[in-house]
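Asker: Right, I'll just put the structure down here and ask away after.
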Amino acid sequence: MQQQNIWTKLIRVDRRILYLILFLNIAVFLMFPFKMPATITSPARGLYDAVDSLQPNDLVMISSNWSASTMAENQPQLEAIIKHLIRKGARFTLVSNEAQSRDLSKRIAVGVTQSSDNAEYHTYGQKWAHLGFVTDLIAAIRGMGSNLSEAVKQDVEGTPIDQLPVLQGAKSLKDYKMVIDVTPSGTLPYWISYRPPNLIVGYAPTSVMAAEGFTYLDSKQLVGMITGLKGAHEYEQLMGETGLGHKFINAISFSHVLILLFIGLGNLAMIMARRAQGEA
Amino acid sequence: MQLALDMSRDGATWMMAAIVVLAFLGMFGLVFLLQMLSTQGRRAIVVAVTFIAGLIFALEFFLPAQPVDGQDKNFLSDPTLQIQNFLQVVAGMALGLGTYGLLRLHLRNVVQKRAQWGYSASLLISLVVMGFLSIWHSLGEKNVEGQPLVATNETAEYIFSVLFNNMIVQMDAAMFSLIAFYIFSAAYRAFRIRSIEATILMATAMIVMIGIVPLGKAISEGIGLPAELPPEYAKEPFSLTAILYSLKLPTMADWILKTLNAPATRAIEFGVAVGGLATAIRLWLSMDRGLGV
Amino acid sequence: MEWLNDFLPLSLERMGIWIGAICTVALYSILYRENPAYRLFEHLFIGLAAGYSLGPLVGDILYKYWYLPLTEGAWWWAFAVPFGMWLYFIYSEKYGWVSRIVIGVLIGASAGLFFQQFCSLYVPQIYASFKPIIPTGANEGLLASNAINNFIFIVVLLSVLTYFLFSFEQRGPVKRTAVLGRWMLMIALGAIFGNTLMARMALLVGRVYYLLHDWLMQI
């Protein structure tokens with residue numbers, strides 16, 4: 001009877017105790033960090049190699065479609081990618097299909113470019129620009145694929161596209177080398193479907209979306225992918241940088257252990273409670 | 001001369017304003033005319049508009065294109081560019097529909113003093129204040145020939161930055177992070193391994209969850225599995241080193257994702273493709289039930 | 001605004017962080033129980049987020065795609081906004097059907113565009129599914145391990161596709177293949193489940209980091 005009570009109580013434990021355990025587990029591993037190197041997966045390596053093979057002044061489009069709700073995953077990805085682009089001397093433009101991302105991604109790009117050693121990136125518009133928010137991504141991709149200045153007209157600061165130094169010589173997406181979609185939603189199929197064929201596609205999704213990316217990696221429609229925060233951690237490791245990915249990854253690793261332990265415990269409690277019921 | 005220029009500019013502005021007003025009046029007047037149509041007439045209009053909108057894009061894709069100024073174009077390429085910009089405006093109005101719906105609902109709550117109308121009032125105040133500041137911010141950011149499009153104000157920009165960076169961003173992040181607590185609680189309470197399917201799902205989730213994070217690598221190498229696969233073993237998949245390397249959690253997770261997950265999701269994609277194509281044709285030809293006319 | 005720092009107990013930056021922390025804690029209070037603080041901040045959040053979306057809408061859409069063409073003399077663009085506003089008749093019982101014209105344009109365009117998506121997105125995947133499984137002269141360099149993996153890939157693809165065949169009753173070998181397909185689907189769902197948990201944990205880690213690092217400065 002005593003045993004039955006313990007297992008039944010365990011099954012019916014107050015949800016707030018579970019919440020507290022999860023919170024403390026994460027807090028502890030954030031407060032006491034230790035270094036655990038990541039295994040570099042081939043999708044992350046693929047994206048890194050594709051960016052690494054860019055030549056100075058090659059143009060890259062970053063499609064930043066996330067809001068603050070997925071900031072913990074998409075911000076480290078975007079920061080790592082921009083840092084790498086700066087390291088390669090590549091030009092880049094951002095475009096957002098998410099209203100919040102218009103200001104969020106610009107703020108991040110300003111932060112990363114200002115803190116970089118490369119002075120060329122310090123002046124907005126020289127090596128990078130934000131093309132603003134678009135409501136219909138398919139229309140925007142198709143439009144930019146044929147005529148950039150007609151489809152986008154101006155950047156967020158009101159400079160006409162053909163007067164932006166960063167876009168000198170670029171008439172359409174065909175003059176870009178690569179697009180990287182940083183996204184928590186299903187925007188990747190649009191880029192794959194409607195981009196000019198010469199444009200290679202990189203993918204930085206939230207972890208939720210990543211499992212679906214493998215079919216596009218297999219068909220070579222994607223050149224590489226970094227999966228959420230852990231992908232950002234791999235990317236940072238490849239670049240030899242210490243960013244948010246490094247700070248967060250241990251807490252994530254051990255939250256997984258906690259979840260698996262509790263799933264096991266929940267099942268064990270159920271079995272034991274039933275057995276005790278059967279004995280009674 | 002300057003005055004004449006200003007007058008001509010003012011004249012153009014007035015002309016533009018008049019056209020906009022006329023367009024609004026014309027389009028809303030048209031609604032009353034359309035209202036006179038029979039149900040069949042209304043249906044015909046919706047069907048025709050849907051079909052033409054689809055036809056333009058379908059033809060533009062299927063018709064052969066010729067190189068013009070370095071671009072492959074057919075006779076529909078330039079018009080579709082304009083139509084796509086038009087779609088941005090229409091989709092923008094659709095975006096505003098959500099805000100309009102919220103305004104409507106909560107205004108009614110406040111006006112009728114329904115239960116807990118104070119919350120609705122707080123929502124309306126925050127919406128109006130933020131809407132005003134956000135429009136000011138986005139227009140104030142723009143320059144026309146070196147001059148700001150709209151004069152900015154330091155205090156307003158500061159309040160906008162606090163409301164955006166310190167409230168919206170933080171609350172959005174907090175709101176979605178709540179799911180972590182619920183998913184943890186649900187996994188503990190509801191994830192029961194009672195069937196083959198649940199066992200397969202759980203085993204895969206376990207390997208993937210530990211295998212894709214650095215902990216998987218640490219555990220595997222901690223029990224003595226090889227850190228790397230030397231190139232000479234790559235061609236000998238059945239050598240002891242290669243087998244031990246395959247047993248590493250990160251290797252297993254990677255294999256599951258690439259060799260088992262990818263084809264399964266591809267099969268789902270194929271289903272989506274066929275279903276999507278059928279749905280697209282049905283919608284395009286208005287073959288689906290009732291158009292709400 | 002920097003002059004304000006001289007009169008405040010905290011710097012403007014710290015005050016901003018305090019505001020963010022209060023918002024976070026107020027929303028987290030729902031974890032304990034339903035309460036007025038949560039309700040208030042929930043409504044504030046919805047109002048602020050909806051209000052914010054008007055800025056990008058006006059600055060990046062209406063200004064760029066509607067106002068600019070008008071100033072360049074393309075007077076016919078004046079009709080774009082009122083046409084889009086027909087959508088708002090959706091709330092009217094009498095004129096609601098007018099919104100269907102605008103919805104028809106959006107749906108028709110999406111349908112017409114889907115043909116391109118079908119050809120560009122799915123056809124390459126069909127090609128990629130024909131994988132070499134026998135090391136022959138044509139597949140020089142195909143390793144045995146790759147051939148095995150390719151074979152498994154094709155088996156999984158076909159079995160899951162079989163599972164989705166509902167046009168006839170599944171019997172005999174078809175049923176067995178479909179059962180295998182269901183198990184393979186469970187593997188894909190397991191991978192998605194694992195990734196989903198990771199995503200949710202990452203969002204929470206980000207928030208805990210904000211509280212401990214930015215607010216309490218303990219990290």
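Quick note on naming: the chains in the structure tokens go A, B, ... in the order shown, residues restart at 1 in each chain, and ligands are numbered from 1 in order of appearance.
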Which residues of chain B come within 6 Å of chain A, and for each one, what is the closest pair of atoms and their distance in Å to one decimal, counting only C-alpha atoms, sorted by chain and residue number, as CSV?
Answerer:
residue,atom,partner,partner_atom,distance
B:Leu81,CA,A:Gly143,CA,5.7
B:Gln84,CA,A:Ala139,CA,4.9
B:Gln88,CA,A:Asp136,CA,5.4
B:Ala91,CA,A:Thr135,CA,5.8
B:Gly92,CA,A:Thr135,CA,5.8
B:Glu141,CA,A:Glu157,CA,5.3
B:Lys142,CA,A:Glu157,CA,4.2
B:Asn143,CA,A:Gly158,CA,5.1
B:Val169,CA,A:Ala68,CA,5.1
B:Asp172,CA,A:Ser69,CA,4.9
B:Ala173,CA,A:Ser69,CA,4.2
B:Phe176,CA,A:Ser69,CA,5.5
B:Phe181,CA,A:Tyr19,CA,5.6
B:Ala187,CA,A:Ile263,CA,6.0
B:Tyr188,CA,A:Ile263,CA,4.8
B:Arg192,CA,A:Asn267,CA,5.9
B:Val213,CA,A:Ser253,CA,5.8
B:Pro214,CA,A:Ala38,CA,4.5
B:Ala262,CA,A:Thr215,CA,4.6
B:Arg266,CA,A:Thr215,CA,5.7
Asker: So which residues touch Gly55 (chain C) within 8 Å, counting only C-alpha atoms, skipping near sequence neighbours fewer than 2 positions away, as number ranges by chain?
Answerer: B: 131-139; C: 51-53, 57-60
Asker: I'd like the neighbourhood of Tyr124 (chain A) as a ChimeraX atom specification, where a residue qualifies if any of its atoms comes within 10 Å (using only C-alpha atoms), though same-chain residues fewer than 4 positions away should be ignored.
Answerer: /A:109-110,113-114,120,128-130,157,164-166
Asker: Find the residues of chain B that sit at most 6 Å from chain C; for each, write down the nearest two atoms and how far apart they are in Å, to one decimal. Count only C-alpha atoms. Sort by chain, then by number going up, and give it as JSON lines.
Answerer:
{"residue": "B:Val20", "atom": "CA", "partner": "C:Ala78", "partner_atom": "CA", "distance": 5.2}
{"residue": "B:Ala23", "atom": "CA", "partner": "C:Phe79", "partner_atom": "CA", "distance": 5.3}
{"residue": "B:Phe24", "atom": "CA", "partner": "C:Pro82", "partner_atom": "CA", "distance": 5.4}
{"residue": "B:Val46", "atom": "CA", "partner": "C:Ile101", "partner_atom": "CA", "distance": 5.1}
{"residue": "B:Thr50", "atom": "CA", "partner": "C:Gly108", "partner_atom": "CA", "distance": 4.3}
{"residue": "B:Phe51", "atom": "CA", "partner": "C:Gly108", "partner_atom": "CA", "distance": 6.0}
{"residue": "B:Ala53", "atom": "CA", "partner": "C:Ala109", "partner_atom": "CA", "distance": 5.0}
{"residue": "B:Gly54", "atom": "CA", "partner": "C:Gly112", "partner_atom": "CA", "distance": 3.9}
{"residue": "B:Phe57", "atom": "CA", "partner": "C:Gly112", "partner_atom": "CA", "distance": 5.1}
{"residue": "B:Ala58", "atom": "CA", "partner": "C:Gly112", "partner_atom": "CA", "distance": 4.7}
{"residue": "B:Val90", "atom": "CA", "partner": "C:Gly84", "partner_atom": "CA", "distance": 4.6}
{"residue": "B:Met93", "atom": "CA", "partner": "C:Gly84", "partner_atom": "CA", "distance": 5.5}
{"residue": "B:Thr99", "atom": "CA", "partner": "C:Ala50", "partner_atom": "CA", "distance": 5.7}
{"residue": "B:Tyr119", "atom": "CA", "partner": "C:Leu40", "partner_atom": "CA", "distance": 5.9}
{"residue": "B:Leu123", "atom": "CA", "partner": "C:Gly47", "partner_atom": "CA", "distance": 4.5}
{"residue": "B:Ser126", "atom": "CA", "partner": "C:Gly47", "partner_atom": "CA", "distance": 5.1}
{"residue": "B:Leu127", "atom": "CA", "partner": "C:Gly47", "partner_atom": "CA", "distance": 4.2}
{"residue": "B:Met130", "atom": "CA", "partner": "C:Gly51", "partner_atom": "CA", "distance": 4.9}
{"residue": "B:Gly131", "atom": "CA", "partner": "C:Gly51", "partner_atom": "CA", "distance": 3.8}
{"residue": "B:Ser134", "atom": "CA", "partner": "C:Gly55", "partner_atom": "CA", "distance": 4.4}
{"residue": "B:Ile135", "atom": "CA", "partner": "C:Gly55", "partner_atom": "CA", "distance": 3.8}
{"residue": "B:Ser138", "atom": "CA", "partner": "C:Gly59", "partner_atom": "CA", "distance": 5.1}
{"residue": "B:Leu139", "atom": "CA", "partner": "C:Gly59", "partner_atom": "CA", "distance": 5.3}
{"residue": "B:Asn166", "atom": "CA", "partner": "C:Gly20", "partner_atom": "CA", "distance": 4.7}
{"residue": "B:Met167", "atom": "CA", "partner": "C:Gly20", "partner_atom": "CA", "distance": 5.6}
{"residue": "B:Gln170", "atom": "CA", "partner": "C:Gly20", "partner_atom": "CA", "distance": 5.5}
{"residue": "B:Met171", "atom": "CA", "partner": "C:Thr24", "partner_atom": "CA", "distance": 5.9}
{"residue": "B:Ala174", "atom": "CA", "partner": "C:Thr24", "partner_atom": "CA", "distance": 5.5}
{"residue": "B:Ser177", "atom": "CA", "partner": "C:Leu204", "partner_atom": "CA", "distance": 4.7}
{"residue": "B:Ala180", "atom": "CA", "partner": "C:Arg200", "partner_atom": "CA", "distance": 4.9}
{"residue": "B:Leu201", "atom": "CA", "partner": "C:Gly190", "partner_atom": "CA", "distance": 4.3}
{"residue": "B:Thr204", "atom": "CA", "partner": "C:Gly190", "partner_atom": "CA", "distance": 5.1}
{"residue": "B:Ala205", "atom": "CA", "partner": "C:Gly190", "partner_atom": "CA", "distance": 4.5}
{"residue": "B:Met209", "atom": "CA", "partner": "C:Gly194", "partner_atom": "CA", "distance": 5.2}
{"residue": "B:Pro237", "atom": "CA", "partner": "C:Ser145", "partner_atom": "CA", "distance": 6.0}
{"residue": "B:Thr259", "atom": "CA", "partner": "C:Phe153", "partner_atom": "CA", "distance": 5.4}
{"residue": "B:Asn261", "atom": "CA", "partner": "C:Ala188", "partner_atom": "CA", "distance": 4.4}
{"residue": "B:Pro263", "atom": "CA", "partner": "C:Leu157", "partner_atom": "CA", "distance": 4.7}
{"residue": "B:Ala264", "atom": "CA", "partner": "C:Leu157", "partner_atom": "CA", "distance": 5.6}
{"residue": "B:Ala267", "atom": "CA", "partner": "C:Leu161", "partner_atom": "CA", "distance": 5.5}
{"residue": "B:Ala280", "atom": "CA", "partner": "C:Ala111", "partner_atom": "CA", "distance": 4.4}
{"residue": "B:Trp284", "atom": "CA", "partner": "C:Gly108", "partner_atom": "CA", "distance": 5.2}
{"residue": "B:Gly292", "atom": "CA", "partner": "C:Trp97", "partner_atom": "CA", "distance": 6.0}
{"residue": "B:Val293", "atom": "CA", "partner": "C:Trp97", "partner_atom": "CA", "distance": 4.9}
Asker: Please extract the residues of region 72-177 of chain B with a backbone DSSP assignment of alpha helix (DSSP H) and present them as number ranges by chain.
Answerer: B: 77-111, 117-140, 154-161, 169-177
Asker: Can I get the selection written as a PDB file, in the first residue's frame, with C-alpha atoms?
Answerer:
ATOM      1  CA  SER B  77       7.234  38.959 -67.365  1.00  0.00           C
ATOM      2  CA  ASP B  78       7.011  42.745 -66.989  1.00  0.00           C
ATOM      3  CA  PRO B  79       3.284  42.835 -66.126  1.00  0.00           C
ATOM      4  CA  THR B  80       3.782  40.111 -63.490  1.00  0.00           C
ATOM      5  CA  LEU B  81       6.460  42.251 -61.862  1.00  0.00           C
ATOM      6  CA  GLN B  82       3.856  44.975 -61.360  1.00  0.00           C
ATOM      7  CA  ILE B  83       1.228  42.451 -60.266  1.00  0.00           C
ATOM      8  CA  GLN B  84       3.650  41.083 -57.670  1.00  0.00           C
ATOM      9  CA  ASN B  85       4.118  44.560 -56.231  1.00  0.00           C
ATOM     10  CA  PHE B  86       0.340  44.925 -56.248  1.00  0.00           C
ATOM     11  CA  LEU B  87       0.138  41.652 -54.278  1.00  0.00           C
ATOM     12  CA  GLN B  88       2.474  43.139 -51.657  1.00  0.00           C
ATOM     13  CA  VAL B  89      -0.078  45.913 -51.088  1.00  0.00           C
ATOM     14  CA  VAL B  90      -3.044  43.526 -51.010  1.00  0.00           C
ATOM     15  CA  ALA B  91      -1.212  41.115 -48.673  1.00  0.00           C
ATOM     16  CA  GLY B  92      -0.340  44.151 -46.544  1.00  0.00           C
ATOM     17  CA  MET B  93      -4.003  45.024 -46.251  1.00  0.00           C
ATOM     18  CA  ALA B  94      -4.658  41.392 -45.260  1.00  0.00           C
ATOM     19  CA  LEU B  95      -2.031  41.807 -42.526  1.00  0.00           C
ATOM     20  CA  GLY B  96      -3.868  44.871 -41.264  1.00  0.00           C
ATOM     21  CA  LEU B  97      -7.054  42.819 -41.122  1.00  0.00           C
ATOM     22  CA  GLY B  98      -5.836  41.104 -37.936  1.00  0.00           C
ATOM     23  CA  THR B  99      -5.178  44.438 -36.243  1.00  0.00           C
ATOM     24  CA  TYR B 100      -8.570  45.695 -37.391  1.00  0.00           C
ATOM     25  CA  GLY B 101     -10.249  42.572 -35.960  1.00  0.00           C
ATOM     26  CA  LEU B 102      -8.519  43.085 -32.610  1.00  0.00           C
ATOM     27  CA  LEU B 103      -9.540  46.750 -32.538  1.00  0.00           C
ATOM     28  CA  ARG B 104     -13.149  45.861 -33.321  1.00  0.00           C
ATOM     29  CA  LEU B 105     -13.410  43.172 -30.670  1.00  0.00           C
ATOM     30  CA  HIS B 106     -11.779  45.108 -27.855  1.00  0.00           C
ATOM     31  CA  LEU B 107     -13.467  48.413 -28.696  1.00  0.00           C
ATOM     32  CA  ARG B 108     -16.773  46.597 -28.355  1.00  0.00           C
ATOM     33  CA  ASN B 109     -15.633  45.174 -24.989  1.00  0.00           C
ATOM     34  CA  VAL B 110     -14.797  48.660 -23.737  1.00  0.00           C
ATOM     35  CA  VAL B 111     -17.844  50.456 -25.156  1.00  0.00           C
ATOM     36  CA  TRP B 117     -13.083  45.410 -20.096  1.00  0.00           C
ATOM     37  CA  GLY B 118     -10.128  47.033 -18.347  1.00  0.00           C
ATOM     38  CA  TYR B 119      -7.809  44.510 -20.006  1.00  0.00           C
ATOM     39  CA  SER B 120      -9.314  45.408 -23.370  1.00  0.00           C
ATOM     40  CA  ALA B 121      -8.709  49.094 -22.597  1.00  0.00           C
ATOM     41  CA  SER B 122      -5.050  48.374 -21.805  1.00  0.00           C
ATOM     42  CA  LEU B 123      -4.757  46.470 -25.084  1.00  0.00           C
ATOM     43  CA  LEU B 124      -6.298  49.327 -27.053  1.00  0.00           C
ATOM     44  CA  ILE B 125      -4.101  51.961 -25.433  1.00  0.00           C
ATOM     45  CA  SER B 126      -0.942  49.948 -26.046  1.00  0.00           C
ATOM     46  CA  LEU B 127      -2.011  49.241 -29.633  1.00  0.00           C
ATOM     47  CA  VAL B 128      -2.704  52.884 -30.439  1.00  0.00           C
ATOM     48  CA  VAL B 129       0.435  54.231 -28.735  1.00  0.00           C
ATOM     49  CA  MET B 130       2.702  51.603 -30.281  1.00  0.00           C
ATOM     50  CA  GLY B 131       1.035  51.882 -33.679  1.00  0.00           C
ATOM     51  CA  PHE B 132       1.642  55.634 -33.735  1.00  0.00           C
ATOM     52  CA  LEU B 133       5.260  55.337 -32.554  1.00  0.00           C
ATOM     53  CA  SER B 134       6.021  52.434 -34.877  1.00  0.00           C
ATOM     54  CA  ILE B 135       4.729  54.270 -37.960  1.00  0.00           C
ATOM     55  CA  TRP B 136       6.689  57.374 -36.905  1.00  0.00           C
ATOM     56  CA  HIS B 137       9.820  55.256 -36.408  1.00  0.00           C
ATOM     57  CA  SER B 138       9.612  53.454 -39.750  1.00  0.00           C
ATOM     58  CA  LEU B 139       8.933  56.657 -41.703  1.00  0.00           C
ATOM     59  CA  GLY B 140      11.455  58.633 -39.658  1.00  0.00           C
ATOM     60  CA  GLU B 154      14.442  61.792 -29.604  1.00  0.00           C
ATOM     61  CA  THR B 155      11.905  61.151 -26.828  1.00  0.00           C
ATOM     62  CA  ALA B 156       9.497  59.361 -29.157  1.00  0.00           C
ATOM     63  CA  GLU B 157      12.360  57.205 -30.506  1.00  0.00           C
ATOM     64  CA  TYR B 158      13.405  56.367 -26.953  1.00  0.00           C
ATOM     65  CA  ILE B 159       9.880  55.357 -25.952  1.00  0.00           C
ATOM     66  CA  PHE B 160       9.587  53.286 -29.135  1.00  0.00           C
ATOM     67  CA  SER B 161      12.877  51.562 -28.355  1.00  0.00           C
ATOM     68  CA  VAL B 169      10.796  41.423 -27.692  1.00  0.00           C
ATOM     69  CA  GLN B 170      11.029  40.243 -24.086  1.00  0.00           C
ATOM     70  CA  MET B 171       7.350  39.306 -23.804  1.00  0.00           C
ATOM     71  CA  ASP B 172       7.341  37.512 -27.158  1.00  0.00           C
ATOM     72  CA  ALA B 173      10.367  35.487 -26.106  1.00  0.00           C
ATOM     73  CA  ALA B 174       8.835  34.799 -22.666  1.00  0.00           C
ATOM     74  CA  MET B 175       5.445  33.828 -24.055  1.00  0.00           C
ATOM     75  CA  PHE B 176       6.891  31.211 -26.394  1.00  0.00           C
ATOM     76  CA  SER B 177       9.367  29.891 -23.860  1.00  0.00           C
TER      77      SER B 177
END
Asker: Show which residues sit within 12 Å of Leu199 (chain A), as a ChimeraX atom specification. Count only C-alpha atoms, and ignore same-chain residues fewer than 6 positions away.
Answerer: /A:50,58-61,141,145,172-180,191-193,221-223
Asker: Kindly indicate which residue among C:Pro135, C:Pro9, C:Pro69, C:Pro124 lies nearest to chain A, using only C-alpha atoms for the distances.
Answerer: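 Answer, going by the shortest atom-to-atom distance: C:Pro124.
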Asker: Could you write out, as a list in words, all the residues of region 69-275 of chain A that DSSP marks as strand (DSSP E or B)?
Answerer: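 Taking region 69-275 of chain A and keeping strand (DSSP E or B) gives Arg91, Phe92, Thr93, Leu94, Val95, Ser96, Trp128, Ala129, His130, Leu131, Gly132, Phe133, Gln154, Pro160, Met178, Val179, Ile180, Asp181, Val182, Thr183, Ile200, Val201, Gly202, Tyr203, Ala204, Pro205, Gly224 and Met225 of chain A.
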